[in-house]
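To keep things clear, I will list the structure first and then write my remarks on it.
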Amino acid sequence: MVRVHVYVSGIVQRVGFRFYTARKAKALGITGFVRNLPDGRVEIVAEGSREAINKFIEEVSIGPPRSKVDGMEI
């Protein structure tokens, strides 16, 4: 099992980003949480297999259609 702590910046609030992230995590068998931060970023804590986490990070970096990911701190 691998655990990652990720901060995502860009247009990631009020665009369905948390729902998208939670749906991707569930599909990959990943546990954890996602929440909005007051500074406009989204915080993600995710735990799963290395393969699942790598795929998850790839999916999150794309985001839902209305979002625009400018940066990720892992």
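Labels for the structure tokens follow display order: chains A, B, ..., residues from 1 in each chain, ligands from 1.
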
Show me, as a compact mmCIF listing (two decimals) with N, CA and C atoms, in the first residue's frame, the residues that have an atom within 12 Å of range 59-69 of chain A when counting only C-alpha atoms, minus same-chain residues fewer than 3 positions from it.
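This is the output file part20.txt:
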```txt
# COMPACT_ATOMS: atom_id res chain seq x y z
N VAL A 6 -1.69 15.07 -1.75
CA VAL A 6 -1.59 15.87 -2.97
C VAL A 6 -2.33 17.20 -2.78
N TYR A 7 -1.72 18.28 -3.24
CA TYR A 7 -2.38 19.58 -3.30
C TYR A 7 -2.50 19.95 -4.78
N VAL A 8 -3.73 20.24 -5.21
CA VAL A 8 -3.98 20.55 -6.61
C VAL A 8 -4.40 22.01 -6.71
N SER A 9 -3.75 22.75 -7.62
CA SER A 9 -4.08 24.17 -7.80
C SER A 9 -4.58 24.41 -9.22
N GLY A 10 -5.25 25.53 -9.38
CA GLY A 10 -5.84 25.90 -10.66
C GLY A 10 -7.32 26.16 -10.48
N ILE A 11 -8.09 25.91 -11.52
CA ILE A 11 -9.55 26.04 -11.43
C ILE A 11 -10.06 24.67 -11.00
N VAL A 12 -10.10 24.47 -9.67
CA VAL A 12 -10.43 23.16 -9.13
C VAL A 12 -11.54 23.21 -8.07
N GLN A 13 -12.12 24.37 -7.85
CA GLN A 13 -13.26 24.47 -6.93
C GLN A 13 -14.47 24.97 -7.70
N ARG A 14 -15.64 24.42 -7.33
CA ARG A 14 -16.93 24.77 -7.96
C ARG A 14 -17.03 24.29 -9.40
N VAL A 15 -16.28 23.24 -9.74
CA VAL A 15 -16.30 22.68 -11.10
C VAL A 15 -16.48 21.16 -11.08
N GLY A 16 -16.84 20.59 -9.94
CA GLY A 16 -17.03 19.14 -9.83
C GLY A 16 -15.76 18.35 -9.62
N PHE A 17 -14.70 19.04 -9.24
CA PHE A 17 -13.40 18.36 -9.09
C PHE A 17 -13.40 17.33 -7.97
N ARG A 18 -13.99 17.65 -6.82
CA ARG A 18 -14.02 16.69 -5.70
C ARG A 18 -14.82 15.44 -6.06
N PHE A 19 -15.98 15.63 -6.69
CA PHE A 19 -16.80 14.49 -7.10
C PHE A 19 -16.04 13.62 -8.10
N TYR A 20 -15.41 14.26 -9.07
CA TYR A 20 -14.61 13.56 -10.09
C TYR A 20 -13.50 12.74 -9.42
N THR A 21 -12.80 13.38 -8.49
CA THR A 21 -11.69 12.72 -7.79
C THR A 21 -12.17 11.53 -6.98
N ALA A 22 -13.27 11.71 -6.25
CA ALA A 22 -13.83 10.62 -5.43
C ALA A 22 -14.28 9.46 -6.31
N ARG A 23 -14.88 9.76 -7.46
CA ARG A 23 -15.34 8.72 -8.38
C ARG A 23 -14.16 7.93 -8.95
N LYS A 24 -13.10 8.62 -9.33
CA LYS A 24 -11.90 7.95 -9.86
C LYS A 24 -11.26 7.08 -8.79
N ALA A 25 -11.18 7.59 -7.57
CA ALA A 25 -10.59 6.82 -6.47
C ALA A 25 -11.39 5.54 -6.22
N ALA A 27 -13.31 3.88 -8.25
CA ALA A 27 -13.15 2.96 -9.38
C ALA A 27 -11.82 2.21 -9.32
N LEU A 28 -10.81 2.83 -8.73
CA LEU A 28 -9.48 2.22 -8.64
C LEU A 28 -9.23 1.51 -7.31
N VAL A 34 -10.90 13.90 -0.04
CA VAL A 34 -10.62 15.07 -0.86
C VAL A 34 -11.42 16.23 -0.29
N GLY A 40 -8.11 28.08 -2.27
CA GLY A 40 -8.52 27.76 -3.64
C GLY A 40 -7.99 26.45 -4.16
N ARG A 41 -7.09 25.82 -3.41
CA ARG A 41 -6.58 24.52 -3.83
C ARG A 41 -7.49 23.41 -3.33
N VAL A 42 -7.23 22.19 -3.81
CA VAL A 42 -7.91 20.99 -3.32
C VAL A 42 -6.84 20.09 -2.71
N GLU A 43 -7.15 19.54 -1.55
CA GLU A 43 -6.26 18.61 -0.86
C GLU A 43 -6.79 17.20 -1.03
N ILE A 44 -5.90 16.27 -1.37
CA ILE A 44 -6.25 14.86 -1.54
C ILE A 44 -5.30 14.02 -0.70
N ALA A 46 -4.75 9.95 -0.44
CA ALA A 46 -5.20 8.72 -1.09
C ALA A 46 -4.27 7.56 -0.74
N ALA A 52 -2.43 1.57 -8.74
CA ALA A 52 -3.68 2.33 -8.67
C ALA A 52 -3.41 3.81 -8.39
N ILE A 53 -2.48 4.09 -7.49
CA ILE A 53 -2.15 5.48 -7.16
C ILE A 53 -1.56 6.19 -8.37
N ASN A 54 -0.68 5.53 -9.11
CA ASN A 54 -0.10 6.14 -10.31
C ASN A 54 -1.18 6.49 -11.33
N LYS A 55 -2.11 5.58 -11.55
CA LYS A 55 -3.22 5.83 -12.49
C LYS A 55 -4.10 6.96 -11.97
N PHE A 56 -4.37 6.96 -10.67
CA PHE A 56 -5.19 7.98 -10.03
C PHE A 56 -4.57 9.37 -10.22
N MET A 72 0.36 20.46 -9.30
CA MET A 72 0.12 19.44 -8.29
C MET A 72 1.37 19.30 -7.44
N GLU A 73 1.20 19.35 -6.13
CA GLU A 73 2.29 19.08 -5.19
C GLU A 73 2.01 17.72 -4.58
N ILE A 74 2.92 16.79 -4.80
CA ILE A 74 2.72 15.42 -4.29
C ILE A 74 3.75 15.15 -3.22
```

Every residue of chain A that DSSP places in alpha helix (DSSP H), as a VMD selection string: chain A and resid 17 to 27 50 to 62

Keeping only N, CA and C atoms, write those residues as a PDB file, in the first residue's frame.
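Below you can see result-v7.pdb, which holds the result:
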```pdb
ATOM      1  N   PHE A  17     -14.696  19.036  -9.236  1.00  0.00           N
ATOM      2  CA  PHE A  17     -13.404  18.362  -9.089  1.00  0.00           C
ATOM      3  C   PHE A  17     -13.402  17.332  -7.967  1.00  0.00           C
ATOM      4  N   ARG A  18     -13.993  17.646  -6.816  1.00  0.00           N
ATOM      5  CA  ARG A  18     -14.017  16.690  -5.700  1.00  0.00           C
ATOM      6  C   ARG A  18     -14.823  15.445  -6.059  1.00  0.00           C
ATOM      7  N   PHE A  19     -15.978  15.634  -6.686  1.00  0.00           N
ATOM      8  CA  PHE A  19     -16.802  14.492  -7.096  1.00  0.00           C
ATOM      9  C   PHE A  19     -16.038  13.623  -8.097  1.00  0.00           C
ATOM     10  N   TYR A  20     -15.409  14.257  -9.073  1.00  0.00           N
ATOM     11  CA  TYR A  20     -14.615  13.557 -10.086  1.00  0.00           C
ATOM     12  C   TYR A  20     -13.499  12.744  -9.423  1.00  0.00           C
ATOM     13  N   THR A  21     -12.799  13.376  -8.490  1.00  0.00           N
ATOM     14  CA  THR A  21     -11.691  12.723  -7.791  1.00  0.00           C
ATOM     15  C   THR A  21     -12.174  11.530  -6.976  1.00  0.00           C
ATOM     16  N   ALA A  22     -13.270  11.710  -6.247  1.00  0.00           N
ATOM     17  CA  ALA A  22     -13.826  10.617  -5.434  1.00  0.00           C
ATOM     18  C   ALA A  22     -14.278   9.456  -6.313  1.00  0.00           C
ATOM     19  N   ARG A  23     -14.880   9.759  -7.457  1.00  0.00           N
ATOM     20  CA  ARG A  23     -15.338   8.717  -8.382  1.00  0.00           C
ATOM     21  C   ARG A  23     -14.157   7.933  -8.955  1.00  0.00           C
ATOM     22  N   LYS A  24     -13.102   8.620  -9.331  1.00  0.00           N
ATOM     23  CA  LYS A  24     -11.903   7.952  -9.864  1.00  0.00           C
ATOM     24  C   LYS A  24     -11.256   7.076  -8.795  1.00  0.00           C
ATOM     25  N   ALA A  25     -11.185   7.588  -7.566  1.00  0.00           N
ATOM     26  CA  ALA A  25     -10.592   6.820  -6.467  1.00  0.00           C
ATOM     27  C   ALA A  25     -11.386   5.541  -6.218  1.00  0.00           C
ATOM     28  N   LYS A  26     -12.696   5.657  -6.155  1.00  0.00           N
ATOM     29  CA  LYS A  26     -13.541   4.485  -5.902  1.00  0.00           C
ATOM     30  C   LYS A  26     -13.361   3.441  -6.998  1.00  0.00           C
ATOM     31  N   ALA A  27     -13.312   3.880  -8.247  1.00  0.00           N
ATOM     32  CA  ALA A  27     -13.152   2.960  -9.380  1.00  0.00           C
ATOM     33  C   ALA A  27     -11.824   2.207  -9.322  1.00  0.00           C
ATOM     34  N   ARG A  50       0.421   0.782  -5.527  1.00  0.00           N
ATOM     35  CA  ARG A  50       1.255   1.719  -6.288  1.00  0.00           C
ATOM     36  C   ARG A  50       0.698   1.933  -7.696  1.00  0.00           C
ATOM     37  N   GLU A  51       0.283   0.846  -8.324  1.00  0.00           N
ATOM     38  CA  GLU A  51      -0.272   0.934  -9.681  1.00  0.00           C
ATOM     39  C   GLU A  51      -1.539   1.794  -9.703  1.00  0.00           C
ATOM     40  N   ALA A  52      -2.431   1.568  -8.739  1.00  0.00           N
ATOM     41  CA  ALA A  52      -3.683   2.333  -8.675  1.00  0.00           C
ATOM     42  C   ALA A  52      -3.408   3.807  -8.392  1.00  0.00           C
ATOM     43  N   ILE A  53      -2.483   4.091  -7.488  1.00  0.00           N
ATOM     44  CA  ILE A  53      -2.145   5.480  -7.158  1.00  0.00           C
ATOM     45  C   ILE A  53      -1.556   6.188  -8.371  1.00  0.00           C
ATOM     46  N   ASN A  54      -0.680   5.531  -9.106  1.00  0.00           N
ATOM     47  CA  ASN A  54      -0.099   6.138 -10.309  1.00  0.00           C
ATOM     48  C   ASN A  54      -1.177   6.490 -11.325  1.00  0.00           C
ATOM     49  N   LYS A  55      -2.113   5.580 -11.554  1.00  0.00           N
ATOM     50  CA  LYS A  55      -3.219   5.828 -12.489  1.00  0.00           C
ATOM     51  C   LYS A  55      -4.099   6.964 -11.966  1.00  0.00           C
ATOM     52  N   PHE A  56      -4.366   6.958 -10.669  1.00  0.00           N
ATOM     53  CA  PHE A  56      -5.189   7.984 -10.032  1.00  0.00           C
ATOM     54  C   PHE A  56      -4.568   9.372 -10.220  1.00  0.00           C
ATOM     55  N   ILE A  57      -3.276   9.496  -9.967  1.00  0.00           N
ATOM     56  CA  ILE A  57      -2.578  10.779 -10.131  1.00  0.00           C
ATOM     57  C   ILE A  57      -2.681  11.254 -11.580  1.00  0.00           C
ATOM     58  N   GLU A  58      -2.537  10.331 -12.503  1.00  0.00           N
ATOM     59  CA  GLU A  58      -2.667  10.665 -13.925  1.00  0.00           C
ATOM     60  C   GLU A  58      -4.062  11.214 -14.220  1.00  0.00           C
ATOM     61  N   GLU A  59      -5.098  10.539 -13.720  1.00  0.00           N
ATOM     62  CA  GLU A  59      -6.484  10.965 -13.947  1.00  0.00           C
ATOM     63  C   GLU A  59      -6.769  12.315 -13.286  1.00  0.00           C
ATOM     64  N   VAL A  60      -6.301  12.493 -12.058  1.00  0.00           N
ATOM     65  CA  VAL A  60      -6.538  13.738 -11.328  1.00  0.00           C
ATOM     66  C   VAL A  60      -5.848  14.911 -12.025  1.00  0.00           C
ATOM     67  N   SER A  61      -4.695  14.684 -12.615  1.00  0.00           N
ATOM     68  CA  SER A  61      -3.978  15.767 -13.301  1.00  0.00           C
ATOM     69  C   SER A  61      -4.749  16.281 -14.514  1.00  0.00           C
ATOM     70  N   ILE A  62      -5.645  15.465 -15.044  1.00  0.00           N
ATOM     71  CA  ILE A  62      -6.501  15.876 -16.163  1.00  0.00           C
ATOM     72  C   ILE A  62      -7.717  16.626 -15.625  1.00  0.00           C
TER      73      ILE A  62
END
```

Write out as a list in words all residues of chain A that DSSP puts in strand (DSSP E) for this structure's backbone. Val2, Arg3, Val4, His5, Val6, Tyr7, Val8, Ser9, Gly10, Ile11, Thr31, Gly32, Phe33, Val34, Arg35, Asn36, Val42, Glu43, Ile44, Val45, Ala46, Glu47, Gly48, Lys68, Val69, Asp70, Gly71, Met72 and Glu73 of chain A
